[in-house]
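Right, one structure below, let's go through it.
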Amino acid sequence: MNHSEKKNNDWLFEITPKNKFFTLNLKEVWQYRDLLFLFVKRDVVTMYKQTVLGPLWYLIQPLFTSITFTIIFNNLAGISTGSVPPFLFNLAGITIWNYFTACLNGTSNTFGSNAGIFGKVYFPRLIVPLSIVISNLIKFGIQFFIFIVFYLLYYFQGAALHFNPAIVFFPFLIVLMGILGLGLGMVISSLVTKYRDFSYLIGFGVQLLMYVSAVMYPLALIKEKIPHYAWLVQYNPLAYVIESTRYMLLNVGEVSVIGLIYTTVVTISLFLVGVLIFNRTEKNFIDTV
């Protein structure tokens, strides 16, 4: 036995880059599910550790944003929300929008913020962005609970509110938002490893994206007021999710089946592209981060 063969026999397992063009490898992710839950716990515990208000920030942000939107867009700009109280209209859109932005912002710097862990031990890298999407569900649950509280408050005050029967499909919208944020976040995270200036554009880009996602206005309004620029919203898959959310929760607006099919196709496509780029980046990112 020569020296090379003896050296190779010293190792029980050898970790090598995958040669397949596309690998999702959910089986391996499932095998590391305990680690996934540990990352989720880490994200939840450390997010507001050493802060004055702690988890109350989950409540403050959507409430103050809804109040601001109500004053500016409904009171000053005169955007009508029909029989639905403007504050509740805005809170419904902001709640689902916040889940998307939390997933996007959390996963968009996966390689940079976890370089120390990635460089020392092996585990399926996809676990980290997945843990962010799952942990943000807890934040979403808290904010949705606040929405329900204000919904009941307005309801008992006599507001004409009732859920639409289509609300049974609301979990599907949440999944869409999470996967969309995950896919786009993995693409951005992979780009940031080579082009650092992408990280500076995320916050600015998310703010611009919000204004073309029908967060603070009905989808029909943009078609009526500025039809020449309505395509900016109509081709945005987020707008259909937010409009459908308000339809299911407040029975206002409309649901476009074609729009939701388009959103689903875009979401799945972006997720697959994100996984592909993410897997290719993880092989050599440590040299550029």
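Chain lettering (A, B, ...) mirrors the order of the structure tokens, residue numbering begins at 1 for each chain separately, and ligand numbering begins at 1 in order of display.
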Tell me which protein, DNA and RNA residues are within 9 Å of Asn98 (chain A), counting only C-alpha atoms, leaving out same-chain ones fewer than 4 positions away, and put them as a count of residues only.
-> 6
Contact check, region 30-112 of chain A to region 220-227 of chain A, at most 12 Å, counting only C-alpha atoms, closest pairs as a tab-separated table:
residue	atom	partner	partner_atom	distance
A:Gly78	CA	A:Leu221	CA	11.7
A:Ile79	CA	A:Leu221	CA	8.5
A:Ser80	CA	A:Leu221	CA	9.1
A:Thr81	CA	A:Leu221	CA	10.1
A:Gly82	CA	A:Leu221	CA	11.8
Hey, which bits of region 166-208 of chain A sit within 8 Å of region 112-132 of chain A, and for each residue what's the closest pair of atoms and how far apart in Å (one decimal), counting only C-alpha atoms, rows by chain and increasing number, as CSV?
residue,atom,partner,partner_atom,distance
A:Leu182,CA,A:Pro129,CA,6.8
A:Met186,CA,A:Pro129,CA,7.6
A:Ser189,CA,A:Gly112,CA,7.9
A:Thr193,CA,A:Gly112,CA,7.0
Considering only C-alpha atoms, return as an MDAnalysis selection string whatever protein or nucleic-acid residues lie within 12 Å of Tyr58 (chain A), sequence-local ones (same chain, fewer than 3 positions apart) excluded.
-> chainID A and resid 44 47:48 53:55 61:65 95 98:99 102 136:146
Which one is closest to Asn236 (chain A): A:Gly158, A:Pro86, A:Gly259, A:Gly183? Count only C-alpha atoms.
->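 Of all the options, A:Gly259 lies closest to Asn236 (chain A).
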Can you pull out every residue within 8 Å of Ile179 (chain A), counting only C-alpha atoms, but drop anything in the same chain fewer than 4 positions away, and send it as a list in words?
->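 These residues fall inside the cut-off: Val175, Gly183, Thr267, Ile268 and Phe271 of chain A.
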Write out as an MDAnalysis selection string each polymer residue whose atoms come within 9 Å of region 198-205 of chain A, counting only C-alpha atoms; drop sequence neighbours fewer than 6 positions from it.
-> chainID A and resid 104:105 108:109 188:189 191:192
